[in-house]
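**Q** PDB, C-alpha atoms, pLDDT in the B column, file upload-v2.pdb:
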```
ATOM      1  CA  ALA A   1       0.000   0.000   0.000  1.00 46.00           C
ATOM      2  CA  LEU A   2       2.839   2.352   0.813  1.00 46.00           C
ATOM      3  CA  SER A   3       4.481   1.592  -2.508  1.00 58.00           C
ATOM      4  CA  SER A   4       1.237   2.276  -4.344  1.00 64.00           C
ATOM      5  CA  ALA A   5       0.711   5.579  -2.486  1.00 58.00           C
ATOM      6  CA  ALA A   6       4.293   6.639  -3.216  1.00 59.00           C
ATOM      7  CA  SER A   7       3.784   5.755  -6.857  1.00 65.00           C
ATOM      8  CA  ASP A   8       0.630   7.878  -7.005  1.00 65.00           C
ATOM      9  CA  VAL A   9       2.458  10.838  -5.450  1.00 62.00           C
ATOM     10  CA  TYR A  10       5.301  10.442  -7.953  1.00 58.00           C
ATOM     11  CA  LYS A  11       2.852  10.308 -10.866  1.00 60.00           C
ATOM     12  CA  ARG A  12       1.099  13.451  -9.652  1.00 65.00           C
ATOM     13  CA  GLN A  13       4.448  15.219  -9.378  1.00 61.00           C
ATOM     14  CA  ILE A  14       5.389  14.206 -12.917  1.00 57.00           C
ATOM     15  CA  MET A  15       1.983  15.256 -14.282  1.00 61.00           C
ATOM     16  CA  GLY A  16       2.233  18.565 -12.433  1.00 63.00           C
ATOM     17  CA  TYR A  17       5.693  19.195 -13.837  1.00 56.00           C
ATOM     18  CA  PHE A  18       4.601  18.626 -17.442  1.00 57.00           C
ATOM     19  CA  LYS A  19       1.459  20.661 -16.873  1.00 65.00           C
ATOM     20  CA  ASN A  20       3.610  23.638 -15.892  1.00 66.00           C
ATOM     21  CA  ASN A  21       6.347  22.775 -18.412  1.00 63.00           C
ATOM     22  CA  PRO A  22       4.732  21.332 -21.561  1.00 65.00           C
ATOM     23  CA  PRO A  23       7.091  19.326 -23.800  1.00 70.00           C
ATOM     24  CA  HIS A  24       7.081  21.876 -26.622  1.00 70.00           C
ATOM     25  CA  GLU A  25       8.168  24.600 -24.189  1.00 72.00           C
ATOM     26  CA  LEU A  26      10.910  22.363 -22.740  1.00 75.00           C
ATOM     27  CA  TRP A  27      12.176  21.724 -26.273  1.00 76.00           C
ATOM     28  CA  ARG A  28      12.101  25.450 -27.011  1.00 77.00           C
ATOM     29  CA  LYS A  29      14.184  26.201 -23.912  1.00 78.00           C
ATOM     30  CA  LEU A  30      16.583  23.381 -24.734  1.00 83.00           C
ATOM     31  CA  LYS A  31      17.208  24.871 -28.194  1.00 82.00           C
ATOM     32  CA  CYS A  32      17.803  28.200 -26.481  1.00 84.00           C
ATOM     33  CA  ARG A  33      20.423  26.624 -24.228  1.00 85.00           C
ATOM     34  CA  PHE A  34      22.178  25.108 -27.234  1.00 84.00           C
ATOM     35  CA  PHE A  35      22.202  28.492 -28.966  1.00 86.00           C
ATOM     36  CA  VAL A  36      23.789  30.156 -25.933  1.00 87.00           C
ATOM     37  CA  LEU A  37      26.316  27.335 -25.554  1.00 87.00           C
ATOM     38  CA  PHE A  38      27.543  27.505 -29.145  1.00 88.00           C
ATOM     39  CA  ASN A  39      27.107  31.206 -29.969  1.00 90.00           C
ATOM     40  CA  SER A  40      27.681  33.338 -26.868  1.00 91.00           C
ATOM     41  CA  TYR A  41      31.409  33.623 -27.685  1.00 93.00           C
ATOM     42  CA  ALA A  42      30.560  35.446 -30.946  1.00 95.00           C
ATOM     43  CA  PHE A  43      29.095  38.509 -29.179  1.00 96.00           C
ATOM     44  CA  GLY A  44      31.024  41.578 -28.081  1.00 96.00           C
ATOM     45  CA  ALA A  45      29.799  40.771 -24.570  1.00 97.00           C
ATOM     46  CA  PHE A  46      27.365  38.184 -23.240  1.00 96.00           C
ATOM     47  CA  GLY A  47      26.069  38.306 -19.663  1.00 96.00           C
ATOM     48  CA  LYS A  48      24.638  35.579 -17.470  1.00 94.00           C
ATOM     49  CA  HIS A  49      21.218  33.905 -17.416  1.00 93.00           C
ATOM     50  CA  ASN A  50      20.191  35.044 -20.893  1.00 94.00           C
ATOM     51  CA  PHE A  51      17.443  33.440 -22.981  1.00 92.00           C
ATOM     52  CA  LEU A  52      17.634  33.996 -26.757  1.00 93.00           C
ATOM     53  CA  PHE A  53      15.108  32.088 -28.824  1.00 90.00           C
ATOM     54  CA  ASN A  54      16.334  31.603 -32.390  1.00 88.00           C
ATOM     55  CA  PRO A  55      17.491  35.188 -33.019  1.00 92.00           C
ATOM     56  CA  GLN A  56      18.664  36.419 -36.412  1.00 93.00           C
ATOM     57  CA  LEU A  57      22.072  38.102 -36.095  1.00 96.00           C
ATOM     58  CA  LEU A  58      24.285  40.363 -38.179  1.00 96.00           C
ATOM     59  CA  ASN A  59      27.749  41.299 -36.895  1.00 97.00           C
ATOM     60  CA  PRO A  60      27.251  39.846 -33.389  1.00 96.00           C
ATOM     61  CA  GLN A  61      30.783  40.939 -32.471  1.00 97.00           C
ATOM     62  CA  ASN A  62      29.330  44.471 -32.283  1.00 98.00           C
ATOM     63  CA  ILE A  63      26.424  43.432 -30.046  1.00 98.00           C
ATOM     64  CA  PHE A  64      26.917  43.750 -26.280  1.00 98.00           C
ATOM     65  CA  LEU A  65      24.425  41.951 -24.057  1.00 98.00           C
ATOM     66  CA  GLY A  66      23.887  42.363 -20.316  1.00 97.00           C
ATOM     67  CA  SER A  67      22.415  39.716 -18.023  1.00 97.00           C
ATOM     68  CA  ASN A  68      18.961  38.252 -17.351  1.00 96.00           C
ATOM     69  CA  LEU A  69      17.674  38.979 -20.865  1.00 97.00           C
ATOM     70  CA  TRP A  70      14.656  37.413 -22.534  1.00 95.00           C
ATOM     71  CA  ILE A  71      14.831  37.850 -26.317  1.00 96.00           C
ATOM     72  CA  SER A  72      11.898  36.102 -27.937  1.00 93.00           C
ATOM     73  CA  ASP A  73      11.568  34.154 -31.170  1.00 91.00           C
ATOM     74  CA  LYS A  74      12.871  35.472 -34.492  1.00 92.00           C
ATOM     75  CA  THR A  75      14.134  38.787 -33.118  1.00 95.00           C
ATOM     76  CA  TRP A  76      16.614  40.445 -35.491  1.00 97.00           C
ATOM     77  CA  LEU A  77      19.667  42.019 -33.836  1.00 98.00           C
ATOM     78  CA  ALA A  78      22.023  43.696 -36.290  1.00 97.00           C
ATOM     79  CA  THR A  79      24.694  46.337 -36.732  1.00 97.00           C
ATOM     80  CA  SER A  80      26.775  47.725 -39.555  1.00 96.00           C
ATOM     81  CA  LYS A  81      30.444  46.745 -39.585  1.00 95.00           C
ATOM     82  CA  LYS A  82      31.252  49.820 -37.466  1.00 95.00           C
ATOM     83  CA  GLY A  83      27.998  50.067 -35.511  1.00 97.00           C
ATOM     84  CA  LYS A  84      27.359  49.128 -31.894  1.00 98.00           C
ATOM     85  CA  LEU A  85      24.260  47.740 -30.197  1.00 98.00           C
ATOM     86  CA  SER A  86      24.251  47.645 -26.384  1.00 98.00           C
ATOM     87  CA  ILE A  87      21.457  45.981 -24.419  1.00 98.00           C
ATOM     88  CA  GLY A  88      21.466  46.344 -20.634  1.00 98.00           C
ATOM     89  CA  ASN A  89      20.284  44.009 -17.889  1.00 98.00           C
ATOM     90  CA  ARG A  90      16.762  42.594 -17.396  1.00 97.00           C
ATOM     91  CA  VAL A  91      15.589  43.631 -20.869  1.00 98.00           C
ATOM     92  CA  ARG A  92      12.732  41.721 -22.512  1.00 97.00           C
ATOM     93  CA  ILE A  93      12.206  41.868 -26.277  1.00 98.00           C
ATOM     94  CA  GLY A  94       9.048  40.506 -27.915  1.00 96.00           C
ATOM     95  CA  ARG A  95       9.172  38.146 -30.871  1.00 94.00           C
ATOM     96  CA  PHE A  96       9.696  39.365 -34.440  1.00 96.00           C
ATOM     97  CA  SER A  97      11.236  42.630 -33.218  1.00 98.00           C
ATOM     98  CA  GLU A  98      14.005  44.279 -35.266  1.00 98.00           C
ATOM     99  CA  ILE A  99      16.896  46.394 -33.989  1.00 98.00           C
ATOM    100  CA  TYR A 100      19.515  47.681 -36.420  1.00 98.00           C
ATOM    101  CA  ALA A 101      22.397  49.981 -35.463  1.00 98.00           C
ATOM    102  CA  LEU A 102      24.264  51.794 -38.198  1.00 97.00           C
ATOM    103  CA  CYS A 103      26.169  53.809 -35.554  1.00 97.00           C
ATOM    104  CA  SER A 104      24.869  53.380 -32.004  1.00 98.00           C
ATOM    105  CA  ILE A 105      21.795  52.063 -30.210  1.00 98.00           C
ATOM    106  CA  ILE A 106      21.708  51.746 -26.413  1.00 98.00           C
ATOM    107  CA  ILE A 107      18.863  49.974 -24.631  1.00 98.00           C
ATOM    108  CA  GLU A 108      19.171  50.567 -20.901  1.00 98.00           C
ATOM    109  CA  ASP A 109      18.258  48.273 -17.989  1.00 98.00           C
ATOM    110  CA  GLY A 110      14.732  47.026 -17.466  1.00 98.00           C
ATOM    111  CA  VAL A 111      13.292  48.006 -20.854  1.00 98.00           C
ATOM    112  CA  GLU A 112      10.344  45.898 -22.048  1.00 98.00           C
ATOM    113  CA  MET A 113       9.315  45.640 -25.703  1.00 98.00           C
ATOM    114  CA  ALA A 114       6.196  43.978 -27.041  1.00 97.00           C
ATOM    115  CA  GLU A 115       6.120  42.052 -30.316  1.00 97.00           C
ATOM    116  CA  ASN A 116       7.195  43.602 -33.630  1.00 97.00           C
ATOM    117  CA  THR A 117       9.042  46.559 -32.126  1.00 98.00           C
ATOM    118  CA  TYR A 118      11.309  48.294 -34.664  1.00 98.00           C
ATOM    119  CA  ILE A 119      14.286  50.380 -33.521  1.00 98.00           C
ATOM    120  CA  SER A 120      16.792  51.933 -35.910  1.00 98.00           C
ATOM    121  CA  ASP A 121      19.263  54.805 -36.081  1.00 97.00           C
ATOM    122  CA  ASN A 122      19.223  55.012 -39.890  1.00 96.00           C
ATOM    123  CA  THR A 123      17.192  55.171 -43.062  1.00 94.00           C
ATOM    124  CA  HIS A 124      17.574  54.885 -46.839  1.00 91.00           C
ATOM    125  CA  THR A 125      17.811  58.042 -48.909  1.00 93.00           C
ATOM    126  CA  TYR A 126      15.529  58.330 -51.928  1.00 94.00           C
ATOM    127  CA  ASP A 127      17.017  61.302 -53.772  1.00 93.00           C
ATOM    128  CA  ASN A 128      17.661  59.567 -57.099  1.00 94.00           C
ATOM    129  CA  ILE A 129      14.432  58.467 -58.770  1.00 94.00           C
ATOM    130  CA  GLU A 130      16.401  56.375 -61.287  1.00 94.00           C
ATOM    131  CA  ILE A 131      17.737  54.018 -58.597  1.00 94.00           C
ATOM    132  CA  PRO A 132      15.667  51.629 -56.455  1.00 95.00           C
ATOM    133  CA  ILE A 133      15.465  52.976 -52.913  1.00 93.00           C
ATOM    134  CA  ARG A 134      16.965  49.796 -51.490  1.00 90.00           C
ATOM    135  CA  ASN A 135      20.126  50.471 -53.535  1.00 93.00           C
ATOM    136  CA  GLN A 136      20.537  54.048 -52.342  1.00 94.00           C
ATOM    137  CA  GLU A 137      22.680  55.268 -49.469  1.00 93.00           C
ATOM    138  CA  VAL A 138      21.861  54.385 -45.874  1.00 93.00           C
ATOM    139  CA  VAL A 139      22.314  57.446 -43.662  1.00 95.00           C
ATOM    140  CA  SER A 140      22.365  58.006 -39.915  1.00 95.00           C
ATOM    141  CA  LEU A 141      19.375  59.629 -38.210  1.00 96.00           C
ATOM    142  CA  GLY A 142      21.202  60.053 -34.901  1.00 96.00           C
ATOM    143  CA  ASN A 143      22.110  57.740 -32.047  1.00 97.00           C
ATOM    144  CA  VAL A 144      19.261  55.981 -30.255  1.00 98.00           C
ATOM    145  CA  VAL A 145      18.913  55.587 -26.495  1.00 98.00           C
ATOM    146  CA  ILE A 146      15.971  53.842 -24.809  1.00 98.00           C
ATOM    147  CA  GLY A 147      15.896  54.906 -21.154  1.00 98.00           C
ATOM    148  CA  SER A 148      15.757  52.427 -18.302  1.00 98.00           C
ATOM    149  CA  GLY A 149      12.397  51.013 -17.294  1.00 98.00           C
ATOM    150  CA  THR A 150      10.577  52.092 -20.451  1.00 98.00           C
ATOM    151  CA  TRP A 151       7.707  50.023 -21.825  1.00 98.00           C
ATOM    152  CA  ILE A 152       7.276  49.854 -25.627  1.00 98.00           C
ATOM    153  CA  GLY A 153       3.960  48.622 -27.029  1.00 97.00           C
ATOM    154  CA  ARG A 154       3.365  46.295 -29.952  1.00 97.00           C
ATOM    155  CA  ASN A 155       4.384  47.463 -33.456  1.00 97.00           C
ATOM    156  CA  ALA A 156       6.020  50.678 -32.235  1.00 98.00           C
ATOM    157  CA  CYS A 157       8.643  52.216 -34.522  1.00 98.00           C
ATOM    158  CA  ILE A 158      11.507  54.270 -33.023  1.00 98.00           C
ATOM    159  CA  MET A 159      14.016  55.922 -35.369  1.00 97.00           C
ATOM    160  CA  GLY A 160      16.978  58.173 -34.607  1.00 96.00           C
ATOM    161  CA  CYS A 161      15.874  59.582 -31.249  1.00 97.00           C
ATOM    162  CA  ARG A 162      16.215  59.280 -27.496  1.00 97.00           C
ATOM    163  CA  ILE A 163      13.479  57.966 -25.216  1.00 98.00           C
ATOM    164  CA  GLY A 164      13.647  58.908 -21.535  1.00 97.00           C
ATOM    165  CA  LYS A 165      13.365  56.740 -18.438  1.00 97.00           C
ATOM    166  CA  ASN A 166      10.157  54.951 -17.437  1.00 98.00           C
ATOM    167  CA  CYS A 167       8.208  56.060 -20.485  1.00 98.00           C
ATOM    168  CA  VAL A 168       5.164  54.307 -21.917  1.00 98.00           C
ATOM    169  CA  ILE A 169       5.213  54.046 -25.711  1.00 98.00           C
ATOM    170  CA  GLY A 170       1.766  53.153 -27.029  1.00 97.00           C
ATOM    171  CA  ALA A 171       1.181  50.397 -29.569  1.00 97.00           C
ATOM    172  CA  TYR A 172       1.718  51.439 -33.223  1.00 97.00           C
ATOM    173  CA  SER A 173       3.466  54.681 -32.214  1.00 97.00           C
ATOM    174  CA  PHE A 174       5.964  56.165 -34.681  1.00 97.00           C
ATOM    175  CA  ILE A 175       8.658  58.225 -32.951  1.00 97.00           C
ATOM    176  CA  LYS A 176      11.386  60.319 -34.588  1.00 95.00           C
ATOM    177  CA  LYS A 177      11.925  63.010 -31.942  1.00 95.00           C
ATOM    178  CA  ASP A 178      13.365  62.902 -28.440  1.00 96.00           C
ATOM    179  CA  ILE A 179      11.009  62.091 -25.553  1.00 96.00           C
ATOM    180  CA  PRO A 180      11.800  63.264 -21.970  1.00 95.00           C
ATOM    181  CA  ASP A 181      11.714  61.013 -18.906  1.00 96.00           C
ATOM    182  CA  TYR A 182       8.386  59.789 -17.497  1.00 97.00           C
ATOM    183  CA  CYS A 183       6.118  60.378 -20.508  1.00 96.00           C
ATOM    184  CA  VAL A 184       3.206  58.527 -22.098  1.00 96.00           C
ATOM    185  CA  VAL A 185       3.421  58.693 -25.886  1.00 97.00           C
ATOM    186  CA  VAL A 186       0.912  57.580 -28.528  1.00 96.00           C
ATOM    187  CA  GLY A 187       0.167  58.000 -32.206  1.00 95.00           C
ATOM    188  CA  ASN A 188       1.656  58.378 -35.665  1.00 94.00           C
ATOM    189  CA  PRO A 189       3.341  60.803 -35.584  1.00 93.00           C
ATOM    190  CA  ALA A 190       3.815  60.258 -31.867  1.00 94.00           C
ATOM    191  CA  ARG A 191       2.769  62.884 -29.342  1.00 94.00           C
ATOM    192  CA  ILE A 192       3.051  63.141 -25.579  1.00 95.00           C
ATOM    193  CA  VAL A 193      -0.328  62.799 -23.846  1.00 95.00           C
ATOM    194  CA  LYS A 194       0.749  62.419 -20.201  1.00 95.00           C
ATOM    195  CA  ARG A 195       3.783  63.192 -18.094  1.00 95.00           C
ATOM    196  CA  PHE A 196       4.691  62.607 -14.475  1.00 94.00           C
ATOM    197  CA  ASN A 197       4.489  65.836 -12.491  1.00 92.00           C
ATOM    198  CA  PRO A 198       6.961  65.736  -9.568  1.00 91.00           C
ATOM    199  CA  GLN A 199       5.187  68.669  -7.886  1.00 90.00           C
ATOM    200  CA  SER A 200       1.836  66.883  -7.626  1.00 91.00           C
ATOM    201  CA  ASN A 201       3.429  63.415  -7.620  1.00 93.00           C
ATOM    202  CA  ARG A 202       0.899  62.333 -10.271  1.00 93.00           C
ATOM    203  CA  TRP A 203       0.691  61.494 -13.952  1.00 94.00           C
ATOM    204  CA  GLU A 204      -1.058  64.425 -15.632  1.00 92.00           C
ATOM    205  CA  LYS A 205      -2.358  65.206 -19.112  1.00 93.00           C
ATOM    206  CA  THR A 206      -0.227  67.348 -21.411  1.00 92.00           C
ATOM    207  CA  ASP A 207      -0.399  69.003 -24.777  1.00 89.00           C
ATOM    208  CA  LYS A 208       1.498  67.407 -27.670  1.00 81.00           C
ATOM    209  CA  ASP A 209       4.715  69.172 -26.612  1.00 81.00           C
ATOM    210  CA  GLY A 210       4.556  67.806 -23.075  1.00 85.00           C
ATOM    211  CA  ASN A 211       3.303  70.960 -21.339  1.00 87.00           C
ATOM    212  CA  PHE A 212       0.855  70.277 -18.531  1.00 88.00           C
ATOM    213  CA  ILE A 213      -2.772  71.153 -19.231  1.00 87.00           C
ATOM    214  CA  ASN A 214      -4.493  73.112 -16.460  1.00 73.00           C
ATOM    215  CA  GLU A 215      -7.942  71.590 -16.108  1.00 59.00           C
TER
END
```
Go through the file and emit its structure as structure tokens.

**A**
Amino acid sequence: ALSSAASDVYKRQIMGYFKNNPPHELWRKLKCRFFVLFNSYAFGAFGKHNFLFNPQLLNPQNIFLGSNLWISDKTWLATSKKGKLSIGNRVRIGRFSEIYALCSIIIEDGVEMAENTYISDNTHTYDNIEIPIRNQEVVSLGNVVIGSGTWIGRNACIMGCRIGKNCVIGAYSFIKKDIPDYCVVVGNPARIVKRFNPQSNRWEKTDKDGNFINE
């Protein structure tokens, strides 16, 4: 009877484990471990306890990763031959996101990105109408910095600008100008709609330039 009871307990433990860790997810994490084992040496820096799920890489020697990262499936991390991409600690990047540094992109600690986020410090010119745009010069738009603790919603596009600390970037926002610390930003083109007011210690509505609205 004791053996049977112990067997039942063991079975329940096994079933509980696979309920919380389904086989497909275990296989996904195993592939991640193999990627880290065989590819971490290729990066400019690679911290501890990182999870990278099948990323697409270009010039990984110019990519510098902190620790405790979660970079989801099919994320594209890329630089030019002289560019530099730095990702701090505790950053989470949603699947299918793209980050390309022609010169410099810095993502500070604790940033969270939803799926399909696009971050770039460059763009194609289109001056010559006789040449396909993809074959024309790629030019810098300015270095990109994403401040610590910022949340970036799904399908946001950030190009050639600096985002402050602890900002909220709404889904589908398109941002090409600098955003101060502690702002809520939405829209295409993006505009500030709220900002933290240290005098009232509250988040308050603003005009599009970030000036508080007196209601």

**Q** In Å, rounded to a single decimal, give me how far CA of Leu65 in chain A is from CA of Pro180 in chain A.

**A**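 Those two atoms sit 24.9 Å apart.
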
**Q** Quick one: residues within 6 Å of Arg195 in chain A, only C-alpha atoms counted, chain neighbours fewer than 4 positions away excluded, as a PyMOL selection string?

**A** chain A and resi 182-183+203-204

**Q** Would you compute the distance between CA of Gln199 in chain A and CA of Ile169 in chain A? Give it in Å to one decimal.

**A** 23.1 Å

**Q** Which residues would end up in the selection if the PyMOL selection byres ((chain A and resi 45) around 7) were applied here, given that I need the answer as a PyMOL selection string?

**A** chain A and resi 43-44+46-47+63-65

**Q** Please produce an output containing C-alpha atoms for each residue in the selection, written as a PDB file, keeping the file's coordinate frame.

**A**
```pdb
ATOM      1  CA  PHE A  43      29.095  38.509 -29.179  1.00 96.00           C
ATOM      2  CA  GLY A  44      31.024  41.578 -28.081  1.00 96.00           C
ATOM      3  CA  PHE A  46      27.365  38.184 -23.240  1.00 96.00           C
ATOM      4  CA  GLY A  47      26.069  38.306 -19.663  1.00 96.00           C
ATOM      5  CA  ILE A  63      26.424  43.432 -30.046  1.00 98.00           C
ATOM      6  CA  PHE A  64      26.917  43.750 -26.280  1.00 98.00           C
ATOM      7  CA  LEU A  65      24.425  41.951 -24.057  1.00 98.00           C
TER       8      LEU A  65
END
```

**Q** So how far away is CA of Leu37 in chain A from CA of Ile106 in chain A, in Å?

**A** 24.9 Å

**Q** Please, which residues are within 12 Å of (16.3, 42.8, -31.7) by the file's coordinates, counting all atoms listed in the file, and could they come as a PyMOL selection string?

**A** chain A and resi 52-58+60+63-65+69-79+85-87+91-101+105-107+112-120

**Q** Sorted by chain and rising residue number, list the residues of range 29-109 of chain A at most 10 Å from range 133-140 of chain A (counting only C-alpha atoms), each with its closest atom pair and distance in Å to one decimal, as JSON lines.

**A**
```
{"residue": "A:Ala101", "atom": "CA", "partner": "A:Ser140", "partner_atom": "CA", "distance": 9.2}
{"residue": "A:Leu102", "atom": "CA", "partner": "A:Ser140", "partner_atom": "CA", "distance": 6.7}
{"residue": "A:Cys103", "atom": "CA", "partner": "A:Ser140", "partner_atom": "CA", "distance": 7.1}
{"residue": "A:Ser104", "atom": "CA", "partner": "A:Ser140", "partner_atom": "CA", "distance": 9.5}
```

**Q** Using all atoms of range 173-180 of chain A listed in the file and a margin of 6 Å per side, can you give the axis-aligned box centre and edge lengths in Å to one decimal, as JSON?

**A**
```
{"center_x": 8.4, "center_y": 59.0, "center_z": -28.3, "size_x": 21.9, "size_y": 20.6, "size_z": 24.7}
```

**Q** Looking at A:Cys157, A:Ser148, A:Tyr41, A:His24, which one is nearest to Asn89 in chain A, with distances taken over all atoms listed in the file?

**A** A:Ser148

**Q** Can you translate the PyMOL selection byres ((chain A and resi 147) around 8) into the concrete residues it hits in this file, as an MDAnalysis selection string?

**A** chainID A and resid 107:109 111 145:146 148:150 162:167 181

**Q** Can you spell out as an NGL selection string the set of residues that the PyMOL selection byres ((chain A and resi 185) around 8) selects in the structure I just provided?

**A** :A and (167-170 or 173 or 183-184 or 186-187 or 190-194)

**Q** Which is closer to Gly210 in chain A than all the others in A:Gly153, A:Ser40, A:Glu130, A:Asp178, using only C-alpha atoms?

**A**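 Among the listed residues, the smallest separation from Gly210 in chain A belongs to A:Asp178.
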
**Q** As a ChimeraX atom specification, please: the residues near Tyr172 in chain A (cut-off 7 Å, all atoms listed in the file, same-chain neighbours under 4 positions excluded).

**A** /A:154-156,187
